[in-house]
Amino acid sequence: MTAQDLPRMPLPPARPRKADPLISLVVPCYAESEAIDAFIPAVDAALPQARIEFVFVNDGSRDDTLVKLLALSRGDPRVVVADLSRNFGKEIAMTAGLDLATGDVVVPMDADLQDPPELIAQFLERWREGYDVVHGVRADRSKDGRIKRATAQWFYRFFNRLASTEIPENVGDFRLMDRSVVDAVTQLPERSRFMKGLFAWVGFSSTGVEYARPERCAGTTKFGFWKLWNFALDGIVSFSTMPLRVWTYLGTLVALFSLVYGGYVIARTLIFGRDVPGYASLMVTVLFLGGIQLISLGIIGEYVSRLFVETKQRPLYLCQGVYRKGRDVSKRARAV
Ligand code: UDP
Ligand code: MG
């Protein structure tokens, strides 16, 4: 898929746009000690004139990421650091960053420079034309492994089939959003935060800019197979009730089939008399139905578990501190 294939959006009426908007870069960081030093210099080189706010969220890193971030904030007044109380995962860390960002436009970015800062200038151009959301479209994913690319493609296809909200293919979290979009996203209260889905759900006029996704500048990926699987499951369950409803139809089909088969067995017994063998067909039916019931129960469990989490109404994340110029400026710090 290319940027041209994105759902076509007519150019919206020109909006009044600031000539020199404040750009908030929201950067979730989990054990990014090796990558973090290169981040600000790379952004400054790509956008020398821009007014930028760096919102780093330390997502419970166990290495010295926080130490490095605090050092950055001491030396650079543009840096804000939110320190989450533990590892909440990228989606929640990003939410915390969006809550803190004050910019006229906001760009979520990975800390590992896989989202090239050079692209932001193009994002801004499209934003000035009147688009409220400008996606970074991964045109060339050759640096991602073959399996990752294939599974990502399956996921997008499957998701868009099932879900009522369509997410553009090959679009990650790297995108520019106008303030109005960010305000809409931060209003959404749910605990299961599949951000790509939430970004798509709020709507607004959007377009895309293509780029080739480079390799990580340093460090290693935090998303293993199991994490990605759970991420995909979370996305589908949060945005589609189809897996829950499909059992009605499947159940009806199986019941109809059993009715016909039952009729056949009765007729056969009446005509040919009692038939003792039949162990194999009995076992197959019992096992097959048992399997189907377990699957459907599991799927109901996925939804019920999310209902359970939502009803607890816990805060999305806990912040131990918010640092500007190396000092904690959070409410908690003021209370002490
Ligand atoms: N990340 C995070 N919390 C986590 C896992 C990852 O904040 O629990 C951040 C990570 O520091 C990085 C971004 O999310 O800035 C993307 O992670 P990564 O590069 O490992 O993912 P990939 O690019 O391999 O999909
Ligand atoms: Mg990465």
# chains A, B, ... in the order shown; residues from 1 in each chain; ligands from 1
call {"tool": "residues_around", "arguments": {"residues": "Arg141 of chain A", "least_positions_apart": "6", "cutoff": "12 Å", "atoms": "only C-alpha atoms", "output": "list in words"}}
result
Met1, Thr2, Gln114, Ile147, Lys148, Arg149, Ala150, Ala152, Gln153, Asn170, Val171, Gly172, Glu210, Tyr211, Ala212, Arg213, Pro214 and Glu215 of chain A
call {"tool": "write_last_selection", "arguments": {"atoms": "N, CA and C atoms", "output": "PDB file, in the first residue's frame"}}
result
ATOM      1  N   MET A   1       0.843  -1.196   0.000  1.00  0.00           N
ATOM      2  CA  MET A   1       0.000   0.000   0.000  1.00  0.00           C
ATOM      3  C   MET A   1       0.877   1.244   0.000  1.00  0.00           C
ATOM      4  N   THR A   2       0.465   2.235  -0.721  1.00  0.00           N
ATOM      5  CA  THR A   2       1.222   3.488  -0.789  1.00  0.00           C
ATOM      6  C   THR A   2       0.356   4.616  -0.254  1.00  0.00           C
ATOM      7  N   GLN A 114      13.775   5.277  14.398  1.00  0.00           N
ATOM      8  CA  GLN A 114      13.167   4.544  13.275  1.00  0.00           C
ATOM      9  C   GLN A 114      12.108   5.403  12.602  1.00  0.00           C
ATOM     10  N   ILE A 147       9.114 -12.051   8.343  1.00  0.00           N
ATOM     11  CA  ILE A 147       7.983 -12.556   9.137  1.00  0.00           C
ATOM     12  C   ILE A 147       7.206 -11.387   9.722  1.00  0.00           C
ATOM     13  N   LYS A 148       7.934 -10.374  10.186  1.00  0.00           N
ATOM     14  CA  LYS A 148       7.272  -9.221  10.795  1.00  0.00           C
ATOM     15  C   LYS A 148       6.406  -8.506   9.752  1.00  0.00           C
ATOM     16  N   ARG A 149       6.964  -8.385   8.536  1.00  0.00           N
ATOM     17  CA  ARG A 149       6.197  -7.694   7.494  1.00  0.00           C
ATOM     18  C   ARG A 149       4.934  -8.462   7.141  1.00  0.00           C
ATOM     19  N   ALA A 150       5.100  -9.784   7.001  1.00  0.00           N
ATOM     20  CA  ALA A 150       3.949 -10.608   6.610  1.00  0.00           C
ATOM     21  C   ALA A 150       2.880 -10.585   7.686  1.00  0.00           C
ATOM     22  N   ALA A 152       2.395  -8.361   9.946  1.00  0.00           N
ATOM     23  CA  ALA A 152       1.794  -7.019  10.029  1.00  0.00           C
ATOM     24  C   ALA A 152       0.717  -6.879   8.954  1.00  0.00           C
ATOM     25  N   GLN A 153       1.040  -7.356   7.757  1.00  0.00           N
ATOM     26  CA  GLN A 153       0.079  -7.233   6.657  1.00  0.00           C
ATOM     27  C   GLN A 153      -1.206  -8.025   6.948  1.00  0.00           C
ATOM     28  N   ASN A 170       0.151  -0.118   7.027  1.00  0.00           N
ATOM     29  CA  ASN A 170       1.530   0.351   7.061  1.00  0.00           C
ATOM     30  C   ASN A 170       1.714   1.725   7.670  1.00  0.00           C
ATOM     31  N   VAL A 171       0.793   2.105   8.539  1.00  0.00           N
ATOM     32  CA  VAL A 171       0.943   3.359   9.258  1.00  0.00           C
ATOM     33  C   VAL A 171       1.140   3.015  10.725  1.00  0.00           C
ATOM     34  N   GLY A 172       2.249   3.475  11.290  1.00  0.00           N
ATOM     35  CA  GLY A 172       2.506   3.208  12.706  1.00  0.00           C
ATOM     36  C   GLY A 172       1.967   4.355  13.542  1.00  0.00           C
ATOM     37  N   GLU A 210       5.003   9.199   2.470  1.00  0.00           N
ATOM     38  CA  GLU A 210       5.711   7.915   2.486  1.00  0.00           C
ATOM     39  C   GLU A 210       7.138   8.057   2.969  1.00  0.00           C
ATOM     40  N   TYR A 211       7.641   6.987   3.570  1.00  0.00           N
ATOM     41  CA  TYR A 211       9.052   6.962   3.942  1.00  0.00           C
ATOM     42  C   TYR A 211       9.541   5.534   4.031  1.00  0.00           C
ATOM     43  N   ALA A 212      10.854   5.397   3.949  1.00  0.00           N
ATOM     44  CA  ALA A 212      11.450   4.077   4.134  1.00  0.00           C
ATOM     45  C   ALA A 212      11.846   3.976   5.596  1.00  0.00           C
ATOM     46  N   ARG A 213      11.368   2.930   6.269  1.00  0.00           N
ATOM     47  CA  ARG A 213      11.656   2.820   7.702  1.00  0.00           C
ATOM     48  C   ARG A 213      13.070   2.304   7.902  1.00  0.00           C
ATOM     49  N   PRO A 214      13.898   3.120   8.550  1.00  0.00           N
ATOM     50  CA  PRO A 214      15.287   2.680   8.750  1.00  0.00           C
ATOM     51  C   PRO A 214      15.393   1.691   9.905  1.00  0.00           C
ATOM     52  N   GLU A 215      16.593   1.165  10.076  1.00  0.00           N
ATOM     53  CA  GLU A 215      16.809   0.260  11.207  1.00  0.00           C
ATOM     54  C   GLU A 215      16.964   1.052  12.495  1.00  0.00           C
TER      55      GLU A 215
END
call {"tool": "residues_near_ligand", "arguments": {"ligand": "ligand 2", "cutoff": "9 Å", "atoms": "only C-alpha atoms and all ligand atoms", "output": "list in words"}}
result
Asp110, Ala111, Asp112, Leu113, Gln114, Asp115, Glu215, Arg216, Cys217, Thr220, Thr221, Lys222 and Phe223 of chain A
call {"tool": "residues_around", "arguments": {"residues": "Arg74 of chain A", "least_positions_apart": "2", "cutoff": "8 Å", "atoms": "only C-alpha atoms", "output": "PyMOL selection string"}}
result
chain A and resi 70-72+76-77+324-327
call {"tool": "residues_around", "arguments": {"residues": "Ser296 of chain A", "least_positions_apart": "6", "cutoff": "10 Å", "atoms": "only C-alpha atoms", "output": "list in words"}}
result
Pro243, Leu244, Arg245, Val246, Trp247, Gly251 and Glu302 of chain A
call {"tool": "write_last_selection", "arguments": {"atoms": "N, CA and C atoms", "output": "compact mmCIF listing (two decimals), in the first residue's frame"}}
result
# COMPACT_ATOMS: atom_id res chain seq x y z
N PRO A 243 -15.85 -11.11 16.77
CA PRO A 243 -15.49 -12.42 17.31
C PRO A 243 -16.49 -12.91 18.35
N LEU A 244 -17.14 -11.97 19.03
CA LEU A 244 -18.11 -12.33 20.05
C LEU A 244 -19.42 -12.79 19.42
N ARG A 245 -19.77 -12.17 18.28
CA ARG A 245 -21.09 -12.42 17.70
C ARG A 245 -21.10 -13.59 16.73
N VAL A 246 -19.92 -13.94 16.22
CA VAL A 246 -19.87 -14.95 15.17
C VAL A 246 -20.41 -16.30 15.65
N TRP A 247 -20.36 -16.53 16.99
CA TRP A 247 -20.76 -17.83 17.52
C TRP A 247 -22.25 -18.09 17.35
N GLY A 251 -22.99 -21.42 15.73
CA GLY A 251 -23.81 -22.32 16.55
C GLY A 251 -25.06 -22.74 15.79
N GLU A 302 -11.95 -13.11 26.66
CA GLU A 302 -11.17 -11.94 26.26
C GLU A 302 -11.96 -10.65 26.50
call {"tool": "closest_residue", "arguments": {"among": "A:Thr269, A:Gln49, A:Thr95, A:Ser73", "to": "ligand 1", "atoms": "only C-alpha atoms and all ligand atoms"}}
result
A:Thr95
call {"tool": "closest_residue", "arguments": {"among": "A:Leu294, A:Leu100, A:Met109, A:Val81", "to": "ligand 1", "atoms": "only C-alpha atoms and all ligand atoms"}}
result
A:Met109
call {"tool": "closest_residue", "arguments": {"among": "A:Ala82, A:Ile23, A:Val304, A:Val67", "to": "ligand 1", "atoms": "only C-alpha atoms and all ligand atoms"}}
result
A:Ala82
call {"tool": "select_by_dssp", "arguments": {"residues": "segment 16-119 of chain A", "states": "strand (DSSP E or B)", "output": "list in words"}}
result
Leu22, Ile23, Ser24, Leu25, Val26, Val27, Pro28, Cys29, Arg51, Ile52, Glu53, Phe54, Val55, Phe56, Val57, Asn58, Val79, Val80, Val81, Ala82, Asp83, Leu84, Val105, Val106, Val107 and Pro108 of chain A
call {"tool": "select_by_dssp", "arguments": {"residues": "segment 98-248 of chain A", "states": "alpha helix (DSSP H)", "output": "JSON, numbers by chain"}}
result
{"A": [98, 99, 100, 119, 120, 121, 122, 123, 124, 125, 126, 127, 128, 129, 146, 147, 148, 149, 150, 151, 152, 153, 154, 155, 156, 157, 158, 159, 160, 161, 162, 179, 180, 181, 182, 183, 184, 185, 186, 187, 195, 196, 197, 198, 199, 200, 201, 202, 225, 226, 227, 228, 229, 230, 231, 232, 233, 234, 235, 236, 237, 238, 239, 242, 243, 244, 245, 246, 247, 248]}
call {"tool": "closest_residue", "arguments": {"among": "A:Pro16, A:Gly290, A:Gly219, A:Gly298", "to": "ligand 1", "atoms": "only C-alpha atoms and all ligand atoms"}}
result
A:Gly219
call {"tool": "residues_around", "arguments": {"residues": "Tyr156 of chain A", "least_positions_apart": "5", "cutoff": "9 Å", "atoms": "only C-alpha atoms", "output": "list of chain:residue names"}}
result
A:Thr151, A:Arg161, A:Ile167, A:Pro168, A:Glu169, A:Asn170
call {"tool": "atom_distance", "arguments": {"atom1": "atom CA of Trp201 of chain A", "atom2": "atom CA of Asp83 of chain A"}}
result
28.1 Å
call {"tool": "atom_distance", "arguments": {"atom1": "atom CA of Asp104 of chain A", "atom2": "atom CA of Val133 of chain A"}}
result
12.4 Å
call {"tool": "closest_residue", "arguments": {"among": "A:Val106, A:Arg193, A:Val43, A:Lys143", "to": "Val181 of chain A", "atoms": "only C-alpha atoms"}}
result
A:Val106
